[in-house]
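One structure is given below, encoded as structure tokens.
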Amino acid sequence: GSTIRKRKKNNKDTICMSTLKPLFVMSAGLFTIGTGAYLTMLANNVLKTPTPESQHIVPNKEYIQEAYNGKAPSYDREVRFQEWLYNITKYRKRLLSFAQGNVLEVAAGSSRNDYESLLKESQVNSVTLVDYAVNMLEEAEKKSKKAMHKLIQDTPHDTFTKTPYYFLQMDSHDLQFEDNVFDTVVSTFTLCSMEDPTKVIKEMLRVVKPGGRLLFLEHGRSHSSPLMNRFLDNTAEKRYEHWGCIYNRNMESYFAEMEGAIVEVIEHHHLGTCVMVVAQKGNIIPISETETTLPELAGAQKPLACFLDEEF
């Protein structure tokens, strides 16, 4: 009896192995083919000479706006894995550790920065998010409200009902705020999609208070790898068509042109293609001595949405 059972078990093991072996061979073959195709594509994009068009893409504001409005419902799903893979969440958190007071984020998109934790810890007093893609702002509002609901479950109720949180449809090239009103102005992966990055930076400098900070996390040309730059140049047109993003811009040149700001921190990641910059506006006034009320809008434009003294 035991001999028969052993034979049956051996037969099952043999059948199992005979079934798995072809699957393993097929999987290994597909992996090899896929890896070979990817490496071939990579080598081609590194070795070929970039075209002048791909090196100097001229952005179109309407195209970019339409692209992000169309991507809004799926945007977070599309970038979540990429940001996890490249550790972007960690860099975002480090960047926001410098934020204080009344915070403005330009071209905020779907709001992938965690301001709710900063509001909970009273590190910031208010958060104003602006973007000209209204669908992205609507996603930001939904996500931020959900995060705030979660936070108040273990937080005193009156902590947040007096905290302003604004979402405004606005062009970052022409911010509708008075001069010197925000303590911190943030830009994360924004300048790659702007028609005129220099003008956006000037607007950020205009609306931040003396002594306030500009916080940047951007991607662009590598400061250290010519091969990486060739890859970026050869794939820039496809990237722009899909994302409305020009990721082979020289971000270092824009920061070098900042007048009236002192760069306090600069860090490079991902072979020099990702850069974090913390800069402080001149004529320093301690942030603790600045006003803590939400700045008034310069124009008559009303917020797309806000929750202020709202029941959560």
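Ordering of the structure tokens sets the chain letters (A, B, ...); residue numbers start at 1 within each chain; ligands are numbered from 1 in the order shown.
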Counting only C-alpha atoms, which residues of segment 173-278 of chain A fall within 8 Å of segment 88-101 of chain A, and what is the closest atom pair for each with its distance in Å at one decimal, ordered by chain and rising number, as JSON lines?
{"residue": "A:Phe182", "atom": "CA", "partner": "A:Gly101", "partner_atom": "CA", "distance": 7.6}
{"residue": "A:Asp183", "atom": "CA", "partner": "A:Gly101", "partner_atom": "CA", "distance": 5.4}
{"residue": "A:Thr184", "atom": "CA", "partner": "A:Ala99", "partner_atom": "CA", "distance": 5.8}
{"residue": "A:Thr188", "atom": "CA", "partner": "A:Arg92", "partner_atom": "CA", "distance": 7.9}
{"residue": "A:Arg213", "atom": "CA", "partner": "A:Ala99", "partner_atom": "CA", "distance": 7.5}
{"residue": "A:Leu215", "atom": "CA", "partner": "A:Leu95", "partner_atom": "CA", "distance": 6.6}
{"residue": "A:Phe216", "atom": "CA", "partner": "A:Leu95", "partner_atom": "CA", "distance": 7.5}
{"residue": "A:Leu217", "atom": "CA", "partner": "A:Leu95", "partner_atom": "CA", "distance": 7.3}
{"residue": "A:Met276", "atom": "CA", "partner": "A:Leu95", "partner_atom": "CA", "distance": 7.3}
{"residue": "A:Val278", "atom": "CA", "partner": "A:Leu95", "partner_atom": "CA", "distance": 7.8}
Store the residues picked out above in a file with N, CA, C and O atoms, as a PDB file, in the first residue's frame.
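Once written, result.pdb looks like this:
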ATOM      1  N   PHE A 182       2.873  85.653   0.943  1.00  0.00           N
ATOM      2  CA  PHE A 182       3.005  84.271   1.403  1.00  0.00           C
ATOM      3  C   PHE A 182       4.344  84.064   2.110  1.00  0.00           C
ATOM      4  O   PHE A 182       5.344  84.682   1.770  1.00  0.00           O
ATOM      5  N   ASP A 183       4.337  83.162   3.072  1.00  0.00           N
ATOM      6  CA  ASP A 183       5.573  82.816   3.781  1.00  0.00           C
ATOM      7  C   ASP A 183       6.391  81.786   3.005  1.00  0.00           C
ATOM      8  O   ASP A 183       7.621  81.757   3.104  1.00  0.00           O
ATOM      9  N   THR A 184       5.707  80.916   2.266  1.00  0.00           N
ATOM     10  CA  THR A 184       6.370  79.851   1.511  1.00  0.00           C
ATOM     11  C   THR A 184       5.659  79.687   0.173  1.00  0.00           C
ATOM     12  O   THR A 184       4.424  79.660   0.126  1.00  0.00           O
ATOM     13  N   THR A 188       6.632  71.913  -7.404  1.00  0.00           N
ATOM     14  CA  THR A 188       7.129  70.536  -7.518  1.00  0.00           C
ATOM     15  C   THR A 188       6.786  69.986  -8.905  1.00  0.00           C
ATOM     16  O   THR A 188       5.626  69.843  -9.241  1.00  0.00           O
ATOM     17  N   ARG A 213      10.403  81.666   1.928  1.00  0.00           N
ATOM     18  CA  ARG A 213      11.165  80.683   1.148  1.00  0.00           C
ATOM     19  C   ARG A 213      10.451  80.251  -0.126  1.00  0.00           C
ATOM     20  O   ARG A 213       9.226  80.130  -0.167  1.00  0.00           O
ATOM     21  N   LEU A 215      10.464  76.916  -2.516  1.00  0.00           N
ATOM     22  CA  LEU A 215      10.834  75.503  -2.456  1.00  0.00           C
ATOM     23  C   LEU A 215      10.592  74.861  -3.818  1.00  0.00           C
ATOM     24  O   LEU A 215       9.473  74.883  -4.338  1.00  0.00           O
ATOM     25  N   PHE A 216      11.647  74.274  -4.385  1.00  0.00           N
ATOM     26  CA  PHE A 216      11.553  73.654  -5.713  1.00  0.00           C
ATOM     27  C   PHE A 216      11.971  72.185  -5.643  1.00  0.00           C
ATOM     28  O   PHE A 216      12.968  71.838  -5.007  1.00  0.00           O
ATOM     29  N   LEU A 217      11.218  71.344  -6.333  1.00  0.00           N
ATOM     30  CA  LEU A 217      11.638  69.974  -6.632  1.00  0.00           C
ATOM     31  C   LEU A 217      11.316  69.771  -8.107  1.00  0.00           C
ATOM     32  O   LEU A 217      10.151  69.705  -8.498  1.00  0.00           O
ATOM     33  N   MET A 276      16.564  69.507  -5.981  1.00  0.00           N
ATOM     34  CA  MET A 276      15.788  70.159  -4.939  1.00  0.00           C
ATOM     35  C   MET A 276      16.500  71.443  -4.556  1.00  0.00           C
ATOM     36  O   MET A 276      17.700  71.442  -4.290  1.00  0.00           O
ATOM     37  N   VAL A 278      16.114  75.062  -2.132  1.00  0.00           N
ATOM     38  CA  VAL A 278      15.461  75.909  -1.128  1.00  0.00           C
ATOM     39  C   VAL A 278      16.137  77.261  -1.187  1.00  0.00           C
ATOM     40  O   VAL A 278      17.348  77.364  -1.026  1.00  0.00           O
TER      41      VAL A 278
END
| query | Mind pulling up the distance from atom CA of Ile246 of chain A to atom CA of Asn229 of chain A? | reply |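 Separation of atom CA of Asn229 of chain A and atom CA of Ile246 of chain A: 12.5 Å.
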Tell me, as a tab-separated table (two decimals) with N, CA and C atoms, in the first residue's frame, which residues lie within 12 Å of Leu137 of chain A, counting only C-alpha atoms; anything in the same chain fewer than 6 positions away does not count.
chain	number	residue	atom	x	y	z
A	65	GLN	N	-2.65	72.42	-20.98
A	65	GLN	CA	-3.85	72.50	-20.16
A	65	GLN	C	-4.83	71.40	-20.53
A	68	TYR	N	-3.54	67.89	-19.30
A	68	TYR	CA	-3.71	67.60	-17.87
A	68	TYR	C	-5.17	67.53	-17.46
A	69	ASN	N	-6.04	68.30	-18.11
A	69	ASN	CA	-7.47	68.16	-17.83
A	69	ASN	C	-7.95	66.77	-18.23
A	71	LYS	N	-6.08	64.02	-18.37
A	71	LYS	CA	-5.44	62.99	-17.55
A	71	LYS	C	-5.89	63.01	-16.09
A	72	ALA	N	-6.59	64.07	-15.68
A	72	ALA	CA	-6.88	64.27	-14.26
A	72	ALA	C	-7.43	63.04	-13.53
A	73	PRO	N	-8.47	62.35	-14.06
A	73	PRO	CA	-9.04	61.22	-13.31
A	73	PRO	C	-8.06	60.07	-13.08
A	75	TYR	N	-4.54	60.48	-13.32
A	75	TYR	CA	-3.17	60.98	-13.16
A	75	TYR	C	-2.45	60.33	-11.97
A	105	GLU	N	1.18	76.84	-3.40
A	105	GLU	CA	1.83	75.95	-4.37
A	105	GLU	C	1.33	76.31	-5.76
A	106	VAL	N	2.27	76.59	-6.66
A	106	VAL	CA	1.93	76.93	-8.04
A	106	VAL	C	1.82	75.65	-8.87
A	107	ALA	N	0.92	75.68	-9.86
A	107	ALA	CA	0.70	74.52	-10.73
A	107	ALA	C	0.64	73.24	-9.91
A	108	ALA	N	-0.24	73.25	-8.92
A	108	ALA	CA	-0.27	72.18	-7.92
A	108	ALA	C	-0.84	70.87	-8.44
A	109	GLY	N	-1.52	70.90	-9.58
A	109	GLY	CA	-2.06	69.67	-10.14
A	109	GLY	C	-3.03	68.97	-9.21
A	110	SER	N	-2.84	67.67	-9.02
A	110	SER	CA	-3.74	66.88	-8.18
A	110	SER	C	-3.32	66.89	-6.71
A	111	SER	N	-2.35	67.71	-6.37
A	111	SER	CA	-1.85	67.86	-5.00
A	111	SER	C	-1.25	66.57	-4.47
A	112	ARG	N	-0.04	66.28	-4.92
A	112	ARG	CA	0.65	65.08	-4.46
A	112	ARG	C	1.55	65.35	-3.25
A	128	THR	N	-2.76	77.26	-0.06
A	128	THR	CA	-3.46	77.72	-1.26
A	128	THR	C	-2.85	77.02	-2.46
A	129	LEU	N	-3.65	76.28	-3.20
A	129	LEU	CA	-3.20	75.55	-4.37
A	129	LEU	C	-3.77	76.19	-5.62
A	130	VAL	N	-2.91	76.51	-6.59
A	130	VAL	CA	-3.38	77.09	-7.85
A	130	VAL	C	-2.93	76.23	-9.02
A	131	ASP	N	-3.78	76.19	-10.05
A	131	ASP	CA	-3.45	75.48	-11.28
A	131	ASP	C	-4.42	75.97	-12.35
A	143	LYS	N	-9.19	64.77	-2.97
A	143	LYS	CA	-8.16	64.04	-2.24
A	143	LYS	C	-7.82	64.70	-0.91
A	144	SER	N	-7.72	66.03	-0.91
A	144	SER	CA	-7.37	66.75	0.31
A	144	SER	C	-8.48	66.66	1.35
A	166	TYR	N	-7.41	76.52	0.29
A	166	TYR	CA	-7.99	77.10	-0.91
A	166	TYR	C	-7.50	76.39	-2.18
A	167	PHE	N	-8.41	76.30	-3.17
A	167	PHE	CA	-8.09	75.75	-4.48
A	167	PHE	C	-8.53	76.78	-5.52
A	168	LEU	N	-7.57	77.35	-6.25
A	168	LEU	CA	-7.88	78.45	-7.17
A	168	LEU	C	-7.41	78.14	-8.59
A	169	GLN	N	-8.29	78.31	-9.56
A	169	GLN	CA	-7.88	78.17	-10.94
A	169	GLN	C	-7.15	79.46	-11.34
A	170	MET	N	-5.87	79.29	-11.68
A	170	MET	CA	-5.05	80.48	-11.90
A	170	MET	C	-3.80	80.10	-12.70
A	303	PRO	N	-12.54	81.63	-5.31
A	303	PRO	CA	-11.93	80.30	-5.26
A	303	PRO	C	-12.79	79.27	-5.99
A	304	LEU	N	-12.13	78.33	-6.65
A	304	LEU	CA	-12.86	77.19	-7.20
A	304	LEU	C	-13.55	76.45	-6.07
A	305	ALA	N	-12.83	76.29	-4.97
A	305	ALA	CA	-13.39	75.63	-3.79
A	305	ALA	C	-12.53	75.97	-2.60
A	306	CYS	N	-13.10	75.93	-1.45
A	306	CYS	CA	-12.31	76.08	-0.23
A	306	CYS	C	-13.07	75.45	0.90
| For the atom pair atom CA of Pro226 of chain A and atom CA of Asn87 of chain A, what is the interatomic distance in Å to one decimal place? |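 Here the two named atoms are 22.9 Å from each other.
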